[in-house]
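J.: Structure in structure tokens, see below.
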Amino acid sequence: MVTWRFDAIGVPWAIDTPEQLSSPIRNRISEKIERFDATYSRFRDDSLVAQLSRTPGTYTFPDDITALVDAYHKLFEATSGALNPLVGPALDHWGYDAAYRLVPAEGTPPRIPAFSDMLSLEGTTLTAPKTLGLDIGAVGKGYLVDSVAGLLVEAGIGEGMVDASGDMRHLGGPAERVGLEHPDHTDRVVGAVALQGVSLAASSPSRRTWAPGVHHILDALTGLPTSSIRASWVMADDCAVADGVATALFTTTPERLEEYFSFHWVVLEAGGRLRYSDDFPGEVY
């Protein structure tokens, strides 16, 4: 396998393919990621999402807005509102803002509205009656991994792996063994899986914690950082599903989420206990 490494959307990527990718394919991938970032990044002043946070009105988004909003509708329902893409202002309150202030503000976080009540989507045209702090972090990276994998398949590449720092999709070919990294000890794993034609996503606040009990995974019903889960790992066909469910597990039981999605899971609780699905296709130590 040949590995192409690069940084994008704030994290390292690695794309493994049987042969080196041609310049046209690399360019298509880079353009896809740049368009996505220029649309949805909360950390870019020129993004469409940043404009939406400053000025209400009607905006035309790329085609992927439909799939993203549909995914969040499903996650919002499955978590009874605990997972909500309008957490931007609450994240800003806790210090996870465009300036990376990383200092919590005084007082309580702002109330997070039900996003289905705050925007309407007709095709790719989004209308917001008020400014909205849209944050698609729970699904966005996984969705982008799926999109990049789709470009590779369109180019006739059916083997390899797309890995965006823990959110990964195996295209096909020989299985790849992947360790489930302990959130507090990067030299340890809590288990391992063999990926073959499926996706894996991991979620943990350990690398984005900047004050005691303060991190980037919020319960939208309270606006507070979650506290009962240390890490989650989810296997699913699509990386967007794996990514979204991995975040949803911080607020919602696996049993509830299984009513809406097909996946396998491992959860490390705050007290150190490991739990996992009965049919988890891997090893848990």
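Starting from 1 in every chain, residues are counted up; chains themselves are A, B, ... following the order of the structure tokens, and ligands are numbered from 1 as listed.
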For the contact check between stretch 247-275 of chain A and stretch 191-209 of chain A, emit one row per residue of stretch 247-275 of chain A within 10 Å, containing the shortest atom pair and the distance in Å rounded to one decimal, counting only C-alpha atoms, chain then rising number order, as a Markdown table.
T.:
```
| residue | atom | partner | partner_atom | distance |
| --- | --- | --- | --- | --- |
| A:Thr247 | CA | A:Ser203 | CA | 6.1 |
| A:Ala248 | CA | A:Ser203 | CA | 9.6 |
| A:Leu249 | CA | A:Ser203 | CA | 9.2 |
| A:Phe250 | CA | A:Ser203 | CA | 8.9 |
| A:Phe263 | CA | A:Leu200 | CA | 9.8 |
| A:His264 | CA | A:Leu200 | CA | 9.4 |
| A:Trp265 | CA | A:Leu200 | CA | 9.6 |
| A:Val266 | CA | A:Gly191 | CA | 9.0 |
| A:Val267 | CA | A:Ser203 | CA | 9.7 |
| A:Leu268 | CA | A:Ser204 | CA | 9.5 |
```
J.: If you run DSSP on the backbone here, which positions in stretch 96-252 of chain A get helix (DSSP H, G or I)? Please write them as an NGL selection string.
T.: :A and (115-118 or 140-154 or 206-208 or 239-248)
J.: For the residues selected in the previous step, produce a file with N, CA and C atoms as an mmCIF file, in the first residue's frame.
T.:
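Saved as again.cif:
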```
data_model
loop_
_atom_site.group_PDB
_atom_site.id
_atom_site.type_symbol
_atom_site.label_atom_id
_atom_site.label_comp_id
_atom_site.auth_asym_id
_atom_site.auth_seq_id
_atom_site.Cartn_x
_atom_site.Cartn_y
_atom_site.Cartn_z
ATOM 1 N N PHE A 115 -33.373 22.444 16.511
ATOM 2 C CA PHE A 115 -32.992 22.977 15.205
ATOM 3 C C PHE A 115 -34.111 22.855 14.175
ATOM 4 N N SER A 116 -34.994 21.883 14.348
ATOM 5 C CA SER A 116 -36.087 21.739 13.393
ATOM 6 C C SER A 116 -37.057 22.918 13.476
ATOM 7 N N ASP A 117 -37.039 23.645 14.615
ATOM 8 C CA ASP A 117 -37.904 24.810 14.772
ATOM 9 C C ASP A 117 -37.241 26.093 14.285
ATOM 10 N N MET A 118 -35.939 26.025 13.996
ATOM 11 C CA MET A 118 -35.189 27.247 13.726
ATOM 12 C C MET A 118 -34.758 27.421 12.275
ATOM 13 N N GLY A 140 -19.888 15.546 10.621
ATOM 14 C CA GLY A 140 -19.201 16.112 9.461
ATOM 15 C C GLY A 140 -17.956 15.373 9.010
ATOM 16 N N LYS A 141 -17.071 15.026 9.950
ATOM 17 C CA LYS A 141 -15.827 14.376 9.549
ATOM 18 C C LYS A 141 -16.103 13.003 8.950
ATOM 19 N N GLY A 142 -17.013 12.251 9.565
ATOM 20 C CA GLY A 142 -17.359 10.953 9.013
ATOM 21 C C GLY A 142 -17.989 11.069 7.641
ATOM 22 N N TYR A 143 -18.859 12.071 7.476
ATOM 23 C CA TYR A 143 -19.485 12.292 6.167
ATOM 24 C C TYR A 143 -18.425 12.619 5.121
ATOM 25 N N LEU A 144 -17.437 13.424 5.502
ATOM 26 C CA LEU A 144 -16.382 13.787 4.556
ATOM 27 C C LEU A 144 -15.517 12.581 4.199
ATOM 28 N N VAL A 145 -15.264 11.713 5.166
ATOM 29 C CA VAL A 145 -14.530 10.465 4.877
ATOM 30 C C VAL A 145 -15.296 9.642 3.845
ATOM 31 N N ASP A 146 -16.612 9.530 4.022
ATOM 32 C CA ASP A 146 -17.428 8.806 3.038
ATOM 33 C C ASP A 146 -17.332 9.457 1.664
ATOM 34 N N SER A 147 -17.337 10.779 1.627
ATOM 35 C CA SER A 147 -17.275 11.498 0.347
ATOM 36 C C SER A 147 -15.949 11.251 -0.358
ATOM 37 N N VAL A 148 -14.858 11.290 0.406
ATOM 38 C CA VAL A 148 -13.534 11.030 -0.183
ATOM 39 C C VAL A 148 -13.452 9.580 -0.659
ATOM 40 N N ALA A 149 -13.979 8.651 0.139
ATOM 41 C CA ALA A 149 -13.997 7.247 -0.283
ATOM 42 C C ALA A 149 -14.793 7.099 -1.574
ATOM 43 N N GLY A 150 -15.891 7.850 -1.706
ATOM 44 C CA GLY A 150 -16.684 7.801 -2.930
ATOM 45 C C GLY A 150 -15.908 8.272 -4.146
ATOM 46 N N LEU A 151 -15.076 9.297 -3.973
ATOM 47 C CA LEU A 151 -14.248 9.766 -5.089
ATOM 48 C C LEU A 151 -13.248 8.693 -5.522
ATOM 49 N N LEU A 152 -12.699 7.979 -4.558
ATOM 50 C CA LEU A 152 -11.754 6.906 -4.895
ATOM 51 C C LEU A 152 -12.446 5.784 -5.654
ATOM 52 N N VAL A 153 -13.633 5.413 -5.203
ATOM 53 C CA VAL A 153 -14.376 4.350 -5.889
ATOM 54 C C VAL A 153 -14.733 4.790 -7.305
ATOM 55 N N GLU A 154 -15.152 6.049 -7.469
ATOM 56 C CA GLU A 154 -15.453 6.572 -8.809
ATOM 57 C C GLU A 154 -14.240 6.492 -9.723
ATOM 58 N N SER A 206 -10.882 13.462 25.494
ATOM 59 C CA SER A 206 -9.570 13.522 26.140
ATOM 60 C C SER A 206 -8.610 14.501 25.472
ATOM 61 N N ARG A 207 -8.684 14.646 24.151
ATOM 62 C CA ARG A 207 -7.746 15.538 23.458
ATOM 63 C C ARG A 207 -8.309 16.943 23.262
ATOM 64 N N ARG A 208 -9.543 17.151 23.665
ATOM 65 C CA ARG A 208 -10.137 18.484 23.578
ATOM 66 C C ARG A 208 -10.756 18.843 24.921
ATOM 67 N N CYS A 239 -19.262 5.834 7.376
ATOM 68 C CA CYS A 239 -18.510 6.519 8.419
ATOM 69 C C CYS A 239 -19.337 7.636 9.054
ATOM 70 N N ALA A 240 -20.242 8.254 8.295
ATOM 71 C CA ALA A 240 -21.094 9.294 8.869
ATOM 72 C C ALA A 240 -21.956 8.728 9.993
ATOM 73 N N VAL A 241 -22.501 7.519 9.790
ATOM 74 C CA VAL A 241 -23.297 6.867 10.833
ATOM 75 C C VAL A 241 -22.410 6.525 12.031
ATOM 76 N N ALA A 242 -21.243 5.949 11.765
ATOM 77 C CA ALA A 242 -20.332 5.599 12.854
ATOM 78 C C ALA A 242 -19.946 6.834 13.657
ATOM 79 N N ASP A 243 -19.648 7.930 12.976
ATOM 80 C CA ASP A 243 -19.251 9.177 13.623
ATOM 81 C C ASP A 243 -20.385 9.734 14.480
ATOM 82 N N GLY A 244 -21.576 9.815 13.905
ATOM 83 C CA GLY A 244 -22.714 10.363 14.635
ATOM 84 C C GLY A 244 -23.097 9.536 15.843
ATOM 85 N N VAL A 245 -23.127 8.220 15.677
ATOM 86 C CA VAL A 245 -23.508 7.345 16.788
ATOM 87 C C VAL A 245 -22.442 7.365 17.881
ATOM 88 N N ALA A 246 -21.165 7.439 17.490
ATOM 89 C CA ALA A 246 -20.096 7.489 18.490
ATOM 90 C C ALA A 246 -20.268 8.689 19.411
ATOM 91 N N THR A 247 -20.715 9.818 18.859
ATOM 92 C CA THR A 247 -20.993 10.999 19.681
ATOM 93 C C THR A 247 -22.287 10.826 20.467
ATOM 94 N N ALA A 248 -23.305 10.278 19.819
ATOM 95 C CA ALA A 248 -24.602 10.099 20.480
ATOM 96 C C ALA A 248 -24.507 9.191 21.706
#
```
J.: Which stretch 9-110 of chain A residues have any atom within 8 Å of an atom of stretch 214-224 of chain A, and for each, what is the nearest pair of atoms with distance in Å to one decimal, counting only C-alpha atoms, rows sorted by chain and number, as a Markdown table?
T.:
```
| residue | atom | partner | partner_atom | distance |
| --- | --- | --- | --- | --- |
| A:Gly81 | CA | A:Leu221 | CA | 6.4 |
| A:Ala82 | CA | A:Ala220 | CA | 4.6 |
| A:Leu83 | CA | A:Ala220 | CA | 5.8 |
| A:Asn84 | CA | A:Ala220 | CA | 6.0 |
| A:Val87 | CA | A:Ala220 | CA | 6.6 |
| A:Ala90 | CA | A:Gly223 | CA | 6.0 |
| A:Leu91 | CA | A:His216 | CA | 6.8 |
| A:Trp94 | CA | A:Val214 | CA | 7.1 |
| A:Tyr96 | CA | A:His216 | CA | 6.9 |
| A:Pro109 | CA | A:Gly223 | CA | 5.8 |
| A:Pro110 | CA | A:Gly223 | CA | 7.1 |
```
J.: Would you write out those residues with C-alpha atoms, as an mmCIF file, in the first residue's frame?
T.:
```
data_model
loop_
_atom_site.group_PDB
_atom_site.id
_atom_site.type_symbol
_atom_site.label_atom_id
_atom_site.label_comp_id
_atom_site.auth_asym_id
_atom_site.auth_seq_id
_atom_site.Cartn_x
_atom_site.Cartn_y
_atom_site.Cartn_z
ATOM 1 C CA GLY A 81 -32.779 16.272 21.412
ATOM 2 C CA ALA A 82 -29.471 15.682 23.198
ATOM 3 C CA LEU A 83 -27.583 15.731 19.880
ATOM 4 C CA ASN A 84 -28.311 18.981 18.066
ATOM 5 C CA VAL A 87 -24.675 23.895 19.739
ATOM 6 C CA ALA A 90 -22.849 26.832 23.717
ATOM 7 C CA LEU A 91 -19.448 25.673 22.449
ATOM 8 C CA TRP A 94 -17.262 26.985 26.954
ATOM 9 C CA TYR A 96 -14.325 26.277 21.950
ATOM 10 C CA PRO A 109 -24.465 28.420 28.661
ATOM 11 C CA PRO A 110 -27.113 29.739 26.262
#
```
J.: Which one of A:Glu77, A:Asp45, A:Asp163, A:Asp92 sits closest to A:Asp135 if you count only C-alpha atoms?
T.: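 Looking only at the distances to A:Asp135, the closest residue turns out to be A:Asp92.
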J.: Using only C-alpha atoms, which residues sit within 10 Å of A:Pro62 once same-chain residues fewer than 6 positions away are excluded, as a PyMOL selection string?
T.: chain A and resi 35-36+39+123-125
J.: Check stretch 167-221 of chain A with DSSP on the backbone and list each residue it calls strand (DSSP E), as a VMD selection string.
T.: chain A and resid 167 to 172 176 to 181 189 to 195 199 to 203 209 to 211 214 to 215 218 to 219
J.: Output C-alpha atoms for every residue in that selection, as a PDB file, in the first residue's frame.
T.:
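So selection30.pdb came out as:
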```
ATOM      1  CA  ASP A 167     -12.733   8.247  11.600  1.00  0.00           C
ATOM      2  CA  MET A 168     -11.937   5.686   8.933  1.00  0.00           C
ATOM      3  CA  ARG A 169     -13.508   3.794   6.074  1.00  0.00           C
ATOM      4  CA  HIS A 170     -12.065   0.602   4.611  1.00  0.00           C
ATOM      5  CA  LEU A 171     -12.726   0.453   0.875  1.00  0.00           C
ATOM      6  CA  GLY A 172     -12.133  -3.245   0.350  1.00  0.00           C
ATOM      7  CA  GLU A 176      -6.849  -4.111   8.232  1.00  0.00           C
ATOM      8  CA  ARG A 177      -6.398  -4.664  11.963  1.00  0.00           C
ATOM      9  CA  VAL A 178      -7.022  -1.488  13.969  1.00  0.00           C
ATOM     10  CA  GLY A 179      -6.489  -0.964  17.689  1.00  0.00           C
ATOM     11  CA  LEU A 180      -9.012   0.871  19.866  1.00  0.00           C
ATOM     12  CA  GLU A 181      -6.727   3.446  21.472  1.00  0.00           C
ATOM     13  CA  VAL A 189      -5.457  -0.179  23.384  1.00  0.00           C
ATOM     14  CA  VAL A 190      -8.673  -1.478  24.896  1.00  0.00           C
ATOM     15  CA  GLY A 191      -9.402  -3.788  21.989  1.00  0.00           C
ATOM     16  CA  ALA A 192      -8.911  -4.405  18.285  1.00  0.00           C
ATOM     17  CA  VAL A 193     -11.008  -4.946  15.171  1.00  0.00           C
ATOM     18  CA  ALA A 194     -10.352  -6.162  11.642  1.00  0.00           C
ATOM     19  CA  LEU A 195     -11.873  -3.651   9.215  1.00  0.00           C
ATOM     20  CA  SER A 199     -16.182   2.091   8.820  1.00  0.00           C
ATOM     21  CA  LEU A 200     -14.935   2.808  12.311  1.00  0.00           C
ATOM     22  CA  ALA A 201     -15.265   6.028  14.304  1.00  0.00           C
ATOM     23  CA  ALA A 202     -13.941   6.860  17.749  1.00  0.00           C
ATOM     24  CA  SER A 203     -15.011   9.697  20.013  1.00  0.00           C
ATOM     25  CA  THR A 209     -10.344  19.108  27.307  1.00  0.00           C
ATOM     26  CA  TRP A 210      -9.089  22.518  28.431  1.00  0.00           C
ATOM     27  CA  ALA A 211     -10.491  22.924  31.950  1.00  0.00           C
ATOM     28  CA  VAL A 214     -14.886  21.083  30.160  1.00  0.00           C
ATOM     29  CA  HIS A 215     -14.661  19.643  26.649  1.00  0.00           C
ATOM     30  CA  LEU A 218     -22.127  18.718  24.931  1.00  0.00           C
ATOM     31  CA  ASP A 219     -25.564  17.504  25.915  1.00  0.00           C
TER      32      ASP A 219
END
```
J.: Pick out the closest residue to A:Pro281 from this set: A:Pro254, A:Met235, A:Asp70, A:Trp13. Count only C-alpha atoms.
T.: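 Once distances to A:Pro281 are computed over only C-alpha atoms, the minimum belongs to A:Met235.
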J.: Can you pull out every residue within 10 Å of A:Arg5, counting only C-alpha atoms, but drop anything in the same chain fewer than 5 positions away, and send it as a PyMOL selection string?
T.: chain A and resi 12-16+163-164
J.: Produce a file of the selected residues containing N, CA, C and O atoms, as a PDB file, in the first residue's frame.
T.:
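Printed below is selection-v2.pdb as written:
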```
ATOM      1  N   PRO A  12      -4.789  15.401  10.938  1.00  0.00           N
ATOM      2  CA  PRO A  12      -4.026  14.642   9.944  1.00  0.00           C
ATOM      3  C   PRO A  12      -4.893  13.590   9.261  1.00  0.00           C
ATOM      4  O   PRO A  12      -5.732  12.961   9.909  1.00  0.00           O
ATOM      5  N   TRP A  13      -4.683  13.417   7.962  1.00  0.00           N
ATOM      6  CA  TRP A  13      -5.343  12.378   7.180  1.00  0.00           C
ATOM      7  C   TRP A  13      -4.294  11.413   6.636  1.00  0.00           C
ATOM      8  O   TRP A  13      -3.139  11.788   6.418  1.00  0.00           O
ATOM      9  N   ALA A  14      -4.732  10.183   6.379  1.00  0.00           N
ATOM     10  CA  ALA A  14      -3.896   9.195   5.689  1.00  0.00           C
ATOM     11  C   ALA A  14      -4.801   8.385   4.764  1.00  0.00           C
ATOM     12  O   ALA A  14      -5.818   7.847   5.206  1.00  0.00           O
ATOM     13  N   ILE A  15      -4.442   8.340   3.499  1.00  0.00           N
ATOM     14  CA  ILE A  15      -5.199   7.559   2.520  1.00  0.00           C
ATOM     15  C   ILE A  15      -4.273   6.482   1.969  1.00  0.00           C
ATOM     16  O   ILE A  15      -3.247   6.784   1.349  1.00  0.00           O
ATOM     17  N   ASP A  16      -4.624   5.222   2.233  1.00  0.00           N
ATOM     18  CA  ASP A  16      -3.842   4.079   1.757  1.00  0.00           C
ATOM     19  C   ASP A  16      -4.492   3.507   0.506  1.00  0.00           C
ATOM     20  O   ASP A  16      -5.689   3.187   0.511  1.00  0.00           O
ATOM     21  N   ASP A 163      -8.468   7.421   6.338  1.00  0.00           N
ATOM     22  CA  ASP A 163      -8.400   7.597   7.787  1.00  0.00           C
ATOM     23  C   ASP A 163      -8.221   9.072   8.100  1.00  0.00           C
ATOM     24  O   ASP A 163      -7.202   9.672   7.760  1.00  0.00           O
ATOM     25  N   ALA A 164      -9.223   9.675   8.750  1.00  0.00           N
ATOM     26  CA  ALA A 164      -9.152  11.077   9.168  1.00  0.00           C
ATOM     27  C   ALA A 164      -9.038  11.122  10.686  1.00  0.00           C
ATOM     28  O   ALA A 164      -9.985  11.463  11.392  1.00  0.00           O
TER      29      ALA A 164
END
```
J.: Residues near A:Leu119, anyone? I mean within 9 Å using only C-alpha atoms, not counting same-chain ones fewer than 3 positions away, as a PyMOL selection string.
T.: chain A and resi 115-116+126-130+132
J.: Find the spatial neighbours of A:Val11, counting only C-alpha atoms, within a cut-off of 7 Å - ignore same-chain residues fewer than 3 positions away - and output them as number ranges by chain.
T.: A: 7-8, 164-165
J.: Take the residues just selected and output them with C-alpha atoms as a PDB file, in the first residue's frame.
T.:
```
ATOM      1  CA  ASP A   7      -3.563  17.820   7.048  1.00  0.00           C
ATOM      2  CA  ALA A   8      -7.136  19.033   6.486  1.00  0.00           C
ATOM      3  CA  ALA A 164      -9.152  11.077   9.168  1.00  0.00           C
ATOM      4  CA  SER A 165      -7.615  10.754  12.624  1.00  0.00           C
TER       5      SER A 165
END
```
J.: Between A:Ile157, A:Leu75, A:Leu134, A:Ile229, which is the closest to A:Glu19 once you count only C-alpha atoms?
T.: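 Ranked by minimum distance to A:Glu19, first place goes to A:Ile157.
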J.: So, counting only C-alpha atoms, which residue among A:Ala78, A:Leu121, A:Met161, A:Leu21 is closest to A:Phe61?
T.: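 Closest to A:Phe61, using only C-alpha atoms: A:Leu121.
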J.: Enter the distance from atom CA of A:Tyr285 to atom CA of A:Pro174, in Å, rounded to one decimal.
T.: 23.9 Å
